[in-house]
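Here the structure comes first, spelled out in structure tokens, and everything after it is commentary.
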Amino acid sequence: MLYRMAKDEIAILKRALERQKKARAQAERILEEKSKELYDTAEHLKRANARLENLLDEKTDEVDAGFLSIIDSYVVMDLGFNVVRSNESAKDFLQFDKDSPKINLSSYVHPDFAQYTAESVQTLLDTGVLKNYRSKIILPNGEEKFVQINASIIYDRNRNPIAAQGILRDITQEKDIENLLANQRKQLKESENRLSTLIKNLEMAVLLEDENRNIALTNKKFCEMFSVPANPEDMTGMDCGCAAEKTKDLFKNPDQFMARVTEILENREPVLADELEMVDGRILERDYIPVISDGVYKGHLWSYRDVTLNRTFKRNLQAEKDKYSGIIANMNLGLVEVDTEDRIQMVNQSFCEMSGFTEEELTGKHASDVLSVQDESIIAEKNAKRIQNQSDSYEVEVINKYNEFRHWLISGAPRYDEKGKVIGSIGIHLDITEQKNLQLEKEKLLDKLEQSNESLKEYAYVVSHDLKSPLRSIEALASWLKNDYSEALGETGREYLGMIQDKIESMENLISGILAYSTANTSELNNTQIDLNEVISGIVDSIYIPENVKVVAPAPLPNIIADRTKMHQLFQNIISNAVVHIDKKVGKVEVLFQEESDHWKFRIKDNGVGIPKKYHKKIFDIFQSASTDKKSTGIGLSIVKKIIDRYNGSVWVESEEGIGTDFHFTIEKQTLKTERHEDLTSEKTI
């Protein structure tokens, strides 16, 4: 049994060995087949590689030809920056050709970019690629250019760097545009900063909101105007809707304020001068401007101005304007405004009534075409004066719409615009026809009066002469009777004869007084320089002065310019009146004076009987006298009054009975008038 088992194992092993031999033989066949396939494949790869190398050389030539024909500059350089190959664009741009000597690109680098270029080349060597390198270069002709370079390293078959190739692009114009844009952006930023500063410092309150109604910008004035307890910078980003709700009670009508804000924001249309009334009485003016960019709503700007004073001023101004408009419309003076071409701009009702035309018939018309002025040249003359900033008054004769001849007094003045330029004239017209007619009538009456005065003067001289002749005859007869028949007449007859002689003397004095009175204010004044001391001395020598009376001037009297005869009459009448009414044992008449700016002031003082107060004014009227002397005519002091009136002075009396009288009077200072002859070589004092 063991034998059998061993025999079976051997048989099994034999069979296994046979199978192993067969498997080995089969493996060898497979190995031979694979080896042949590998050999064939290697040979095929050798042939394919050769073909690929040839194809690669062909493609490289094609690529090189493509690079050489591109528009941008293409350059191949060795690692020492020497140009190996380049296309025509590079030659034109870098200004070299095939006949040029050896070109080294490092000589083109601008000194300002030397360090940057060195760092960029190192990056190229480290990474094999250089993208968007920008630099400034200097061309052989000295021209400076900006270039952009994209470069890569060229390797040999062992991956060793042997050269570099790159595309150069002239970006000078692009750089100029970039610089321009940079400057513009800088200027825009500066403008934005200035605008922001301006807004912050504006005298008006400003609030800029974005499209979500958040605060983008505001200023200090806004915070002050609405009593916001925060700085403008701290308010940026705040919700304006909530802020408006909090501040609405500052306005007189809060609900209306909120509704108006909503309305404006919904419409998104500009709003100007929207008026707001505050609870504290202020009046604000609000503007709303939407901010729209490229048709897209970006927010809005609010601005507020306090116009309280302006509104108050305007209201007061309007009230004044209404008041004066009412006055102008209803005053009796005609008001007309014309432009520089004499075209009527405005008239009032009084002028319409004066001219007879309606406002519609006058407005817009040339004044010379509507109003019939007798002397048309005067209007052109006055309009020329207005342009020269001159004002004056003048009279014109016109014929109104009803063909009535009228006299107008016109006061004209230039009319200016707000810049002070003359834009026309304004005239105030007064119808003086009635006054003019009265003036003409007055002139006629004055002519008649002058003629009458001349006649009266002549009559006074005639009467004086004719009356004095028989008086002298009567006086002579009375003297003869007294001398020849004194004894025959007896005492009574001599008394009667004396009375006749007194009456004759009174009558003669009266006639002389009337003649003097009639010429006191009509005779021509012959003003010369006179010494009043001489005048008084002459009076003292020519009139009767009682022995107990002295006429003195405590201080030397002045030299004045006046008519000598009139001054003699003036002082003589007062002094004569004084010396005959002194009842004291020692009588005294003093002539005193005082110089004032425009007048001489005199005082003639006596210690006589005095004048009752009831006569203080009457004594200067003709035929009025306070004296009981039958020889007094009552004319002397009336002549004094007339002379003083001619010298624009005044006269008055101060007196107390039993003590004395002071006569006060003033006369205006005069100047010598000269009359020049034609040869202008001499002067005549008149």
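Labels for the structure tokens follow display order: chains A, B, ..., residues from 1 in each chain, ligands from 1.
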Mind the document's chain letters and residue numbers, and return as a ChimeraX atom specification the residues of region 233-360 of chain A that DSSP labels alpha helix (DSSP H). /A:240-247,254-267,308-330,349-355,359-360
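Rounded to one decimal, CA of Asp392 (chain A) and CA of Lys321 (chain A) lie 25.2 Å from each other.
In this structure, CA of Asp249 (chain A) sits 27.8 Å away from CA of Val291 (chain A).
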With only C-alpha atoms counted and 10 Å as the cut-off, give the residues of region 265-349 of chain A in contact with region 217-234 of chain A, each with its shortest interatomic distance in Å and the pair that gives it, as CSV.
```
residue,atom,partner,partner_atom,distance
A:Leu284,CA,A:Met225,CA,9.6
A:Leu301,CA,A:Leu217,CA,9.3
A:Trp302,CA,A:Thr218,CA,9.4
A:Ser303,CA,A:Phe222,CA,8.7
A:Tyr304,CA,A:Phe222,CA,7.8
A:Arg305,CA,A:Met225,CA,9.0
A:Asp306,CA,A:Met225,CA,8.3
```
If you keep C-alpha atoms, can you produce a file of those selected residues as a PDB file, in the first residue's frame?
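Generated file (selection.pdb):
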```
ATOM      1  CA  LEU A 284     -36.666 128.932   6.021  1.00  0.00           C
ATOM      2  CA  LEU A 301     -29.375 117.251  -1.857  1.00  0.00           C
ATOM      3  CA  TRP A 302     -31.346 119.474   0.537  1.00  0.00           C
ATOM      4  CA  SER A 303     -30.308 123.058   1.205  1.00  0.00           C
ATOM      5  CA  TYR A 304     -31.900 125.418   3.735  1.00  0.00           C
ATOM      6  CA  ARG A 305     -31.557 129.189   4.105  1.00  0.00           C
ATOM      7  CA  ASP A 306     -32.831 131.359   6.937  1.00  0.00           C
TER       8      ASP A 306
END
```
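Comparing A:Arg159, A:Val651, A:Ile561, A:Leu79 by their smallest distance to Gln122 (chain A), the closest is A:Leu79 (using only C-alpha atoms).
Our summary of the geometry notes that CA of Glu590 (chain A) is positioned 18.8 Å from CA of Ile560 (chain A).
Neighbouring residues of Phe93 (chain A) at 10 Å or closer, counting only C-alpha atoms and skipping chain neighbours under 5 positions away, are A:Asp72, A:Ser73, A:Glu88, A:Leu139, A:Lys145, A:Leu168, A:Arg169, A:Asp170.
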Please determine, counting only C-alpha atoms, which residue among A:Phe571, A:Ser135, A:Leu130, A:Ala413 has the shortest atom-to-atom distance to Gln115 (chain A).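 For Gln115 (chain A), the nearest of the given residues is A:Ser135.
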Find the spatial neighbours of Phe663 (chain A), counting only C-alpha atoms, within a cut-off of 10 Å - ignore same-chain residues fewer than 3 positions away - and output them as a PDB file with C-alpha atoms, in the first residue's frame.
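That gives us around03.pdb:
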```
ATOM      1  CA  ILE A 574     -34.949 208.973  15.823  1.00  0.00           C
ATOM      2  CA  ILE A 575     -32.517 211.459  17.406  1.00  0.00           C
ATOM      3  CA  ALA A 578     -35.551 211.872  21.305  1.00  0.00           C
ATOM      4  CA  VAL A 591     -25.967 206.051  20.065  1.00  0.00           C
ATOM      5  CA  PHE A 602     -28.063 199.811  16.779  1.00  0.00           C
ATOM      6  CA  ARG A 603     -29.639 201.250  19.903  1.00  0.00           C
ATOM      7  CA  ILE A 604     -30.503 204.935  20.453  1.00  0.00           C
ATOM      8  CA  LYS A 605     -31.149 205.448  24.144  1.00  0.00           C
ATOM      9  CA  ASP A 606     -32.558 208.538  25.867  1.00  0.00           C
ATOM     10  CA  VAL A 651     -37.124 197.964  14.453  1.00  0.00           C
ATOM     11  CA  TRP A 652     -38.725 197.949  17.890  1.00  0.00           C
ATOM     12  CA  VAL A 653     -38.955 200.125  20.936  1.00  0.00           C
ATOM     13  CA  GLU A 654     -38.471 199.515  24.644  1.00  0.00           C
ATOM     14  CA  SER A 655     -39.683 202.298  26.882  1.00  0.00           C
TER      15      SER A 655
END
```
